[in-house]
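This is work-v9.txt (compact mmCIF, C-alpha atoms).
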```
# COMPACT_ATOMS: atom_id res chain seq x y z
CA MET U 1 -127.81 70.24 134.82
CA ARG U 2 -130.76 71.97 133.15
CA ALA U 3 -128.50 74.50 131.38
CA PHE U 4 -126.27 71.67 130.18
CA LEU U 5 -129.25 69.74 128.77
CA LYS U 6 -130.57 72.87 127.09
CA ARG U 7 -127.18 73.59 125.51
CA PHE U 8 -126.81 69.93 124.48
CA LEU U 9 -130.33 69.37 123.11
CA THR U 10 -131.08 72.73 121.47
CA PRO U 11 -128.88 72.41 118.34
CA PRO U 12 -130.25 69.03 117.17
CA LEU U 13 -133.82 70.07 117.98
CA VAL U 14 -133.38 73.29 115.97
CA VAL U 15 -132.06 71.31 113.02
CA LEU U 16 -134.98 68.90 113.33
CA ALA U 17 -137.45 71.80 113.52
CA ALA U 18 -135.89 73.41 110.44
CA ILE U 19 -136.14 70.15 108.49
CA VAL U 20 -139.77 69.70 109.53
CA MET U 21 -140.57 73.29 108.52
CA VAL U 22 -138.96 72.95 105.09
CA VAL U 23 -140.69 69.65 104.42
CA GLU U 24 -144.01 70.98 105.70
CA GLU U 25 -143.86 74.16 103.62
CA THR U 26 -142.93 72.22 100.51
CA LEU U 27 -145.32 69.32 100.95
CA ILE U 28 -148.33 71.31 102.10
CA ASP U 29 -148.34 73.39 98.91
CA ALA U 30 -147.97 70.34 96.70
CA LEU U 31 -150.53 68.31 98.65
CA GLN U 32 -153.07 71.13 98.57
CA TRP U 33 -152.66 71.33 94.80
CA VAL U 34 -153.13 67.56 94.43
CA MET U 35 -156.17 67.50 96.71
CA ALA U 36 -157.72 70.46 94.86
CA ARG U 37 -157.34 68.46 91.65
CA PHE U 38 -159.13 65.49 93.24
CA ALA U 39 -161.87 67.83 94.48
CA ARG U 40 -162.75 68.59 90.87
CA LEU U 41 -164.13 65.09 90.49
CA ARG U 42 -167.91 65.26 90.63
CA TRP U 43 -168.41 62.63 93.33
CA ILE U 44 -165.70 64.08 95.58
CA ALA U 45 -167.18 67.56 95.18
CA ALA U 46 -170.57 66.15 96.19
CA LEU U 47 -169.03 64.51 99.28
CA GLU U 48 -167.29 67.74 100.21
CA ALA U 49 -170.53 69.70 99.84
CA ARG U 50 -172.32 67.24 102.13
CA ALA U 51 -169.48 67.42 104.67
CA ALA U 52 -169.62 71.22 104.67
CA ARG U 53 -173.30 71.05 105.71
CA LEU U 54 -172.65 68.80 108.73
CA PRO U 55 -173.41 70.08 112.25
CA PRO U 56 -170.37 70.84 114.46
CA TYR U 57 -169.93 67.55 116.35
CA PRO U 58 -170.41 65.20 113.38
CA ALA U 59 -167.99 67.50 111.54
CA MET U 60 -165.52 66.99 114.40
CA LEU U 61 -165.84 63.22 114.03
CA LEU U 62 -165.17 63.52 110.31
CA PHE U 63 -162.18 65.76 111.03
CA LEU U 64 -160.70 63.11 113.36
CA LEU U 65 -161.40 60.23 110.95
CA PRO U 66 -158.12 60.27 108.93
CA GLY U 67 -156.06 59.97 112.10
CA ALA U 68 -158.19 57.11 113.37
CA ILE U 69 -158.02 55.27 110.05
CA LEU U 70 -154.27 55.67 109.71
CA MET U 71 -153.45 54.58 113.27
CA PRO U 72 -153.64 50.83 112.46
CA VAL U 73 -151.54 51.45 109.34
CA LYS U 74 -148.86 53.14 111.41
CA LEU U 75 -148.98 50.39 114.02
CA GLY U 76 -148.57 47.83 111.23
CA ALA U 77 -145.58 49.77 109.96
CA LEU U 78 -144.03 49.74 113.43
CA TRP U 79 -144.67 46.00 113.59
CA ALA U 80 -142.87 45.61 110.23
CA VAL U 81 -139.91 47.56 111.62
CA ALA U 82 -139.88 45.35 114.72
CA GLN U 83 -139.83 42.28 112.45
CA GLY U 84 -136.73 43.60 110.69
CA HIS U 85 -138.40 45.20 107.64
CA VAL U 86 -137.07 48.66 108.39
CA VAL U 87 -137.30 50.06 104.85
CA LEU U 88 -140.84 48.80 104.32
CA GLY U 89 -141.99 50.04 107.72
CA GLY U 90 -140.34 53.42 107.21
CA ALA U 91 -141.86 53.78 103.75
CA VAL U 92 -145.33 52.93 105.06
CA ILE U 93 -144.97 55.45 107.90
CA VAL U 94 -143.83 58.21 105.52
CA ALA U 95 -146.55 57.39 102.97
CA GLY U 96 -149.17 57.25 105.73
CA LYS U 97 -148.02 60.59 107.08
CA ILE U 98 -148.19 62.21 103.64
CA VAL U 99 -151.61 60.77 102.80
CA GLY U 100 -152.96 61.56 106.26
CA THR U 101 -151.67 65.13 106.07
CA ALA U 102 -153.23 65.63 102.65
CA PHE U 103 -156.64 64.33 103.70
CA SER U 104 -156.57 66.09 107.07
CA ALA U 105 -155.66 69.42 105.49
CA ARG U 106 -158.44 69.11 102.91
CA ILE U 107 -161.01 68.07 105.51
CA TYR U 108 -159.89 70.91 107.77
CA LYS U 109 -160.28 73.40 104.93
CA ILE U 110 -163.81 72.15 104.24
CA LEU U 111 -164.95 71.84 107.85
CA ARG U 112 -163.24 74.84 109.45
CA PRO U 113 -166.25 77.19 109.11
CA THR U 114 -168.37 74.66 111.00
CA LEU U 115 -165.72 73.69 113.54
CA VAL U 116 -164.97 77.26 114.67
CA THR U 117 -168.59 77.60 115.79
CA LEU U 118 -167.50 75.45 118.74
CA PRO U 119 -165.94 77.92 121.21
CA TRP U 120 -163.45 75.40 122.59
CA PHE U 121 -162.29 74.50 119.06
CA ALA U 122 -161.80 78.17 118.16
CA ARG U 123 -159.71 78.70 121.31
CA ALA U 124 -157.66 75.55 120.69
CA GLU U 125 -157.09 76.50 117.06
CA ALA U 126 -155.95 80.02 118.05
CA TRP U 127 -153.59 78.58 120.67
CA VAL U 128 -152.08 75.99 118.29
CA PHE U 129 -151.52 78.50 115.49
CA ALA U 130 -150.05 81.08 117.90
CA LEU U 131 -147.64 78.47 119.23
CA ARG U 132 -146.73 77.38 115.70
CA ASP U 133 -146.12 80.98 114.64
CA ARG U 134 -143.89 81.64 117.66
CA LEU U 135 -141.86 78.49 116.99
CA TYR U 136 -141.57 79.30 113.28
CA GLY U 137 -140.51 82.86 114.11
CA TYR U 138 -137.82 81.59 116.46
CA VAL U 139 -136.44 79.07 113.98
CA ARG U 140 -136.55 81.60 111.13
CA SER U 141 -134.55 84.08 113.22
CA LEU U 142 -131.68 81.62 113.64
CA PRO U 143 -128.58 82.18 111.48
CA ALA U 144 -128.57 78.51 110.44
CA TRP U 145 -132.11 78.85 109.03
CA GLN U 146 -131.23 82.00 107.13
CA ALA U 147 -128.11 80.36 105.68
CA ALA U 148 -130.12 77.31 104.66
CA LYS U 149 -132.75 79.52 103.04
CA ARG U 150 -130.06 81.33 101.04
CA GLY U 151 -128.62 77.96 100.01
CA VAL U 152 -132.02 76.73 98.80
CA ALA U 153 -132.58 79.98 96.87
CA ASP U 154 -129.15 79.63 95.27
CA ALA U 155 -129.86 76.00 94.34
CA LYS U 156 -133.21 76.98 92.79
CA ALA U 157 -131.55 79.76 90.81
CA TRP U 158 -128.89 77.35 89.58
CA VAL U 159 -131.51 74.78 88.51
CA ARG U 160 -133.48 77.50 86.70
CA SER U 161 -130.33 78.65 84.92
CA MET U 162 -129.72 75.10 83.71
CA MET U 163 -133.26 74.73 82.32
CA PRO U 164 -133.73 75.35 78.62
CA LYS U 165 -135.17 78.79 77.83
CA SER U 166 -137.14 77.57 74.84
CA GLY U 167 -138.34 74.34 73.38
CA TRP U 168 -140.78 71.65 74.35
CA ILE U 169 -139.50 71.13 77.93
CA ALA U 170 -139.57 74.85 78.71
CA ARG U 171 -143.14 75.10 77.39
CA ARG U 172 -144.24 72.11 79.52
CA PHE U 173 -142.77 73.65 82.70
CA ALA U 174 -144.37 77.01 81.91
CA ALA U 175 -147.74 75.29 81.38
CA LEU U 176 -147.39 73.44 84.69
CA ARG U 177 -146.60 76.69 86.52
CA ARG U 178 -149.62 78.43 84.96
CA ARG U 179 -151.92 75.53 85.83
CA ARG U 180 -150.66 75.41 89.39
CA ARG U 181 -151.21 79.16 89.86
CA ARG U 182 -154.75 78.92 88.48
CA SER U 183 -155.72 76.05 90.78
CA ALA U 184 -154.20 77.57 93.94
```
Take the structure in this file and express it as structure tokens.
Amino acid sequence: MRAFLKRFLTPPLVVLAAIVMVVEETLIDALQWVMARFARLRWIAALEARAARLPPYPAMLLFLLPGAILMPVKLGALWAVAQGHVVLGGAVIVAGKIVGTAFSARIYKILRPTLVTLPWFARAEAWVFALRDRLYGYVRSLPAWQAAKRGVADAKAWVRSMMPKSGWIARRFAALRRRRRRSA
């Protein structure tokens, strides 16, 4: 029975993992860029500087804050789905996940030097990242992932070939790429 379940459940879970990885890799880069732009605001930079000076346990509370704030939002979205507003509930869940990920990643980046002074946090972080790296390595070794990666690269090359080589639009895209590289 266990072998049957493994054979039955592995393909959809691999596809789901691949989708999550692609979305995560794409969104994390974009979200980090957006949050770095927000961090240039004077008052946000001041808040980040204060947060970086927090002791370890208050820093941990701040690190957990986005999840705690977004929990009622997600519960409200589930309530909307239960009331028959599936699109609204789904949109709120996706938006909450994106916003929560952006804030959590930025807070993690700011607070990590303080948080790793806690031995248990350093061990947990090492364990989570090792597990993530093993899972990513497994999914990336699958032929379906490699084929999908080739397909994405081909699609990007096709889109680039369709873009104008000169003119106002080409200059705008080049300026956006330069700005993104500078802020990363």
Hey, which bits of segment 16-126 of chain U sit within 12 Å of segment 169-182 of chain U, and for each residue what's the closest pair of atoms and how far apart in Å (one decimal), counting all atoms listed in the file, rows by chain and increasing number, as JSON lines?
```
{"residue": "U:Asp29", "atom": "CA", "partner": "U:Arg180", "partner_atom": "CA", "distance": 10.0}
{"residue": "U:Ala30", "atom": "CA", "partner": "U:Arg180", "partner_atom": "CA", "distance": 9.3}
{"residue": "U:Leu31", "atom": "CA", "partner": "U:Arg180", "partner_atom": "CA", "distance": 11.7}
{"residue": "U:Gln32", "atom": "CA", "partner": "U:Arg180", "partner_atom": "CA", "distance": 10.4}
{"residue": "U:Trp33", "atom": "CA", "partner": "U:Arg180", "partner_atom": "CA", "distance": 7.1}
{"residue": "U:Val34", "atom": "CA", "partner": "U:Arg180", "partner_atom": "CA", "distance": 9.7}
{"residue": "U:Ala36", "atom": "CA", "partner": "U:Arg180", "partner_atom": "CA", "distance": 10.2}
{"residue": "U:Arg37", "atom": "CA", "partner": "U:Arg180", "partner_atom": "CA", "distance": 9.9}
```
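Checking U:Val139, U:Ala147, U:Val159, U:Ala59 one by one against Met21 of chain U, counting all atoms listed in the file, you find the shortest gap at U:Val139.
For the choices U:Ala155, U:Ala126, U:Ile44, U:Leu118, the atom-to-atom distance to Met60 of chain U is smallest for U:Leu118 when using all atoms listed in the file.
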Computed interatomic separation between atom CA of Pro55 of chain U and atom CA of Tyr108 of chain U (Å): 14.3 Å
Quick one, how far is atom CA of Gln83 of chain U from atom CA of Met71 of chain U?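 Distance between the two atoms: 18.4 Å.
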Might you pull out every residue within 12 Å of segment 46-53 of chain U, with all atoms listed in the file counted and same-chain residues fewer than 3 positions away left off, and present them as a list of chain:residue names? U:Met35, U:Ala36, U:Phe38, U:Ala39, U:Arg40, U:Leu41, U:Arg42, U:Trp43, U:Pro56, U:Tyr57, U:Pro58, U:Ala59, U:Met60, U:Leu61, U:Leu62, U:Phe63, U:Phe103, U:Arg106, U:Ile107, U:Tyr108, U:Lys109, U:Ile110, U:Leu111, U:Arg112, U:Pro113, U:Thr114, U:Leu115
Separation of atom CA of Ala105 of chain U and atom CA of Leu27 of chain U, in Å?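 Computed distance, atom CA of Ala105 of chain U to atom CA of Leu27 of chain U, equals 11.3 Å.
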Among listed residues U:Ser166, U:Thr101, U:Thr10, U:Thr26, nearest Leu64 of chain U (using only C-alpha atoms): U:Thr101
So that I can see what lies close to Glu125 of chain U, please list as JSON, numbers by chain the residues with an atom at most 10 Å from it, counting only C-alpha atoms and leaving out residues fewer than 4 positions away in the same chain. {"U": [112, 115, 116, 119, 120, 121, 129, 130, 131]}
Report as CSV: every residue of segment 58-157 of chain U with an atom at most 12 Å from segment 12-15 of chain U, its closest pair of atoms, and their distance in Å to one decimal, counting only C-alpha atoms, with rows sorted by chain and ascending residue number.
```
residue,atom,partner,partner_atom,distance
U:Leu135,CA,U:Val14,CA,10.0
U:Tyr136,CA,U:Val14,CA,10.5
U:Tyr138,CA,U:Val14,CA,9.4
U:Val139,CA,U:Val14,CA,6.8
U:Arg140,CA,U:Val14,CA,10.1
U:Ser141,CA,U:Val14,CA,11.2
U:Leu142,CA,U:Val14,CA,8.8
U:Pro143,CA,U:Val14,CA,11.1
U:Ala144,CA,U:Val15,CA,8.4
U:Trp145,CA,U:Val15,CA,8.5
U:Ala148,CA,U:Val15,CA,10.5
```
Give the answer as one residue: which of U:Gly76, U:Pro164, U:Gly84, U:Gly67 has the shortest atom-to-atom distance to Lys97 of chain U, using all atoms listed in the file?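 Result for the nearest residue to Lys97 of chain U: U:Gly67.
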